[in-house]
>>> print(open('start29.txt').read())   # compact mmCIF, C-alpha atoms
# COMPACT_ATOMS: atom_id res chain seq x y z
CA MET A 264 -17.84 32.39 -40.31
CA ARG A 265 -14.67 34.31 -40.01
CA VAL A 266 -14.65 37.04 -37.36
CA ASN A 267 -14.52 40.60 -38.69
CA LYS A 268 -15.36 44.14 -37.62
CA ASP A 269 -19.00 43.74 -38.78
CA GLU A 270 -19.76 40.60 -36.77
CA ASP A 271 -22.32 42.39 -34.55
CA THR A 272 -24.08 44.26 -37.34
CA ALA A 273 -23.81 42.29 -40.60
CA TRP A 274 -26.30 39.71 -41.80
CA SER A 275 -24.85 36.82 -43.69
CA THR A 276 -25.82 36.40 -47.32
CA SER A 277 -25.35 33.59 -49.83
CA ASP A 278 -22.19 35.22 -51.24
CA ASP A 279 -20.78 36.42 -47.87
CA ASN A 280 -16.96 36.43 -47.90
CA ARG A 281 -16.91 35.62 -44.16
CA LYS A 282 -18.33 32.11 -44.76
CA THR A 283 -16.09 29.07 -44.56
CA ALA A 284 -16.74 25.81 -46.42
CA PHE A 285 -17.53 24.02 -43.15
CA GLY A 286 -19.79 26.89 -42.05
CA SER A 287 -21.68 26.74 -45.34
CA PHE A 288 -22.23 23.01 -44.87
CA ILE A 289 -23.52 23.24 -41.29
CA ARG A 290 -25.79 26.14 -42.29
CA LYS A 291 -27.18 24.24 -45.26
CA VAL A 292 -28.16 21.28 -43.07
CA SER A 293 -29.13 23.57 -40.14
CA ILE A 294 -26.75 22.01 -37.63
CA ASP A 295 -25.87 25.57 -36.64
CA GLU A 296 -29.26 25.82 -34.92
CA LEU A 297 -28.57 23.04 -32.41
CA PRO A 298 -26.70 25.22 -29.84
CA GLN A 299 -29.91 27.19 -29.42
CA LEU A 300 -31.37 24.14 -27.68
CA PHE A 301 -29.21 25.10 -24.68
CA ASN A 302 -30.99 28.47 -24.63
CA VAL A 303 -34.34 26.65 -24.69
CA LEU A 304 -33.28 24.39 -21.83
CA LYS A 305 -32.09 27.43 -19.83
CA GLY A 306 -35.47 29.10 -20.41
CA ASP A 307 -34.08 32.00 -22.44
CA MET A 308 -35.84 30.85 -25.62
CA SER A 309 -38.84 28.77 -26.66
CA LEU A 310 -38.92 26.11 -29.33
CA VAL A 311 -41.47 28.24 -31.21
CA GLY A 312 -41.66 32.02 -31.37
CA PRO A 313 -40.31 34.97 -33.32
CA ARG A 314 -36.63 34.55 -34.19
CA PRO A 315 -34.33 36.84 -32.17
CA GLU A 316 -32.41 39.63 -33.87
CA LEU A 317 -29.04 41.13 -33.03
CA PRO A 318 -29.46 44.11 -30.63
CA PHE A 319 -28.11 46.40 -33.36
CA TYR A 320 -31.06 45.46 -35.59
CA VAL A 321 -33.63 45.67 -32.79
CA ARG A 322 -32.64 49.31 -32.28
CA GLN A 323 -32.79 49.98 -36.01
CA PHE A 324 -36.00 48.08 -36.82
CA LYS A 325 -38.02 49.49 -33.92
CA GLU A 326 -37.67 52.90 -35.60
CA GLU A 327 -38.18 51.72 -39.19
CA VAL A 328 -40.68 48.84 -39.12
CA PRO A 329 -44.23 49.46 -37.90
CA LEU A 330 -45.24 47.21 -34.99
CA TYR A 331 -41.75 45.69 -34.79
CA LEU A 332 -41.70 45.78 -30.98
CA VAL A 333 -44.89 43.69 -30.76
CA ARG A 334 -42.75 40.63 -31.48
CA GLN A 335 -40.55 41.50 -28.48
CA GLN A 336 -43.49 40.81 -26.13
CA VAL A 337 -43.02 37.05 -26.36
CA ARG A 338 -40.02 34.80 -25.79
CA PRO A 339 -37.96 34.29 -28.97
CA GLY A 340 -37.98 30.87 -30.55
CA MET A 341 -35.78 28.50 -32.51
CA THR A 342 -38.41 28.31 -35.21
CA GLY A 343 -41.56 30.20 -35.99
CA TRP A 344 -44.47 30.91 -38.29
CA ALA A 345 -42.30 33.12 -40.52
CA GLN A 346 -39.57 30.48 -40.84
CA ILE A 347 -41.89 27.73 -42.03
CA HIS A 348 -43.12 30.13 -44.68
CA GLY A 349 -39.62 30.66 -46.05
CA LEU A 350 -38.79 33.90 -44.23
CA ARG A 351 -35.42 32.92 -42.86
CA GLY A 352 -32.05 34.62 -43.12
CA ASP A 353 -31.68 37.50 -45.56
CA THR A 354 -35.41 38.04 -46.21
CA SER A 355 -37.90 40.86 -45.73
CA ILE A 356 -38.05 42.00 -42.08
CA GLU A 357 -41.46 43.56 -42.73
CA ALA A 358 -42.84 40.21 -43.88
CA ARG A 359 -41.27 38.40 -40.92
CA VAL A 360 -42.85 40.90 -38.51
CA GLU A 361 -46.24 40.42 -40.19
CA TYR A 362 -45.98 36.63 -39.76
CA ASP A 363 -44.70 36.98 -36.18
CA ILE A 364 -47.62 39.21 -35.20
CA TRP A 365 -50.07 36.77 -36.77
CA TYR A 366 -48.48 33.99 -34.70
CA ILE A 367 -48.71 36.01 -31.48
CA GLU A 368 -52.37 36.89 -32.10
CA ASN A 369 -53.31 33.30 -33.02
CA TRP A 370 -51.11 31.34 -30.62
CA SER A 371 -52.23 27.92 -29.47
CA ILE A 372 -50.53 24.68 -28.49
CA ALA A 373 -51.90 23.13 -31.68
CA LEU A 374 -50.29 25.91 -33.73
CA ASP A 375 -46.94 25.34 -31.98
CA ILE A 376 -47.16 21.61 -32.73
CA LYS A 377 -48.00 22.37 -36.37
CA ILE A 378 -45.01 24.74 -36.63
CA LEU A 379 -42.64 22.22 -35.04
CA PHE A 380 -43.85 19.47 -37.38
CA GLN A 381 -43.56 21.68 -40.46
CA THR A 382 -40.13 22.89 -39.36
CA LEU A 383 -38.83 19.37 -39.81
CA PHE A 384 -39.99 19.37 -43.43
CA LYS A 385 -39.68 22.92 -44.64
CA GLY A 386 -38.48 25.45 -42.08
CA TYR A 387 -34.90 24.32 -41.59
CA PHE A 388 -34.36 22.45 -44.82
CA ILE A 389 -35.12 25.28 -47.25
CA ASN A 390 -32.17 25.89 -49.51
CA ASN A 391 -30.97 29.47 -49.02
CA GLU A 392 -30.53 29.94 -52.77
CA LYS A 393 -34.26 29.32 -53.26
CA LEU A 394 -34.99 32.11 -50.80
CA HIS A 395 -32.82 34.57 -52.71
CA VAL A 396 -34.43 33.62 -56.04
CA ARG A 397 -37.90 34.09 -54.54
CA GLU A 398 -37.00 37.51 -53.15
CA LYS A 399 -35.80 38.75 -56.53
CA THR A 400 -38.99 37.64 -58.28
CA GLU A 401 -41.42 39.21 -55.79
>>> encode(input="start29.txt", output="structure tokens")
Amino acid sequence: MRVNKDEDTAWSTSDDNRKTAFGSFIRKVSIDELPQLFNVLKGDMSLVGPRPELPFYVRQFKEEVPLYLVRQQVRPGMTGWAQIHGLRGDTSIEARVEYDIWYIENWSIALDIKILFQTLFKGYFINNEKLHVREKTE
């Protein structure tokens, strides 16, 4: 993406004018997620857990979304329960929080393995356009 004044506060969308052709490609095939492996290796993130948000949105959502801060009690992850259910990118934060809380309350190693396995097949390979179509029909 091109740098601009909104880089710390703006979510990207399918028609975002900051996107480059190369950026769109690496996002579509989820190569952009690979640098997060360094954060996992450093211990700052887990493979599975609620996806982190920009600090700007944490401050905003904690006031607007009930139980939002519950998801802050666990280490953020590269993938999670919400992501394998299609809640990735420009989707409902309320729904993501609901899925994240369910994950936290029902955590097990078996659930993490299930999420990692499903991530390979649906979490990171969902076409962003499908997400936007689904949002508009719900």
>>> atom_distance(input="start29.txt", atom1="CA of Val303 in chain A", atom2="CA of Tyr331 in chain A")
22.8 Å
>>> atom_distance(input="start29.txt", atom1="CA of Glu326 in chain A", atom2="CA of Asn302 in chain A")
27.6 Å
>>> closest_residue(input="start29.txt", among="A:Arg359, A:Lys385, A:Lys325, A:Arg314", to="Gly340 in chain A", atoms="all atoms listed in the file")
A:Arg314
>>> residues_around(input="start29.txt", residues="Trp344 in chain A", least_positions_apart="6", cutoff="8 Å", atoms="only C-alpha atoms", output="list of chain:residue names")
A:Gly312, A:Pro313, A:Tyr362, A:Asp363, A:Tyr366, A:Ile378
>>> write_last_selection(input="start29.txt", atoms="C-alpha atoms", output="PDB file, in the frame of the given file")
ATOM      1  CA  GLY A 312     -41.660  32.020 -31.370  1.00  0.00           C
ATOM      2  CA  PRO A 313     -40.310  34.970 -33.320  1.00  0.00           C
ATOM      3  CA  TYR A 362     -45.980  36.630 -39.760  1.00  0.00           C
ATOM      4  CA  ASP A 363     -44.700  36.980 -36.180  1.00  0.00           C
ATOM      5  CA  TYR A 366     -48.480  33.990 -34.700  1.00  0.00           C
ATOM      6  CA  ILE A 378     -45.010  24.740 -36.630  1.00  0.00           C
TER       7      ILE A 378
END
>>> closest_residue(input="start29.txt", among="A:Met341, A:Leu383, A:Gln346, A:Thr283", to="Leu304 in chain A", atoms="only C-alpha atoms")
A:Met341
>>> closest_residue(input="start29.txt", among="A:Gln335, A:Phe319, A:Thr342, A:Lys377", to="Ile364 in chain A", atoms="only C-alpha atoms")
A:Gln335
>>> residues_around(input="start29.txt", residues="Leu379 in chain A", least_positions_apart="5", cutoff="9 Å", atoms="only C-alpha atoms", output="list in words")
Leu310, Val311, Thr342, Gly343, Ile347, Leu374 and Gly386 of chain A
>>> atom_distance(input="start29.txt", atom1="CA of Arg334 in chain A", atom2="CA of Phe301 in chain A")
21.7 Å
>>> closest_residue(input="start29.txt", among="A:Ile376, A:Leu330, A:Leu300, A:Val337", to="Glu357 in chain A", atoms="only C-alpha atoms")
A:Leu330
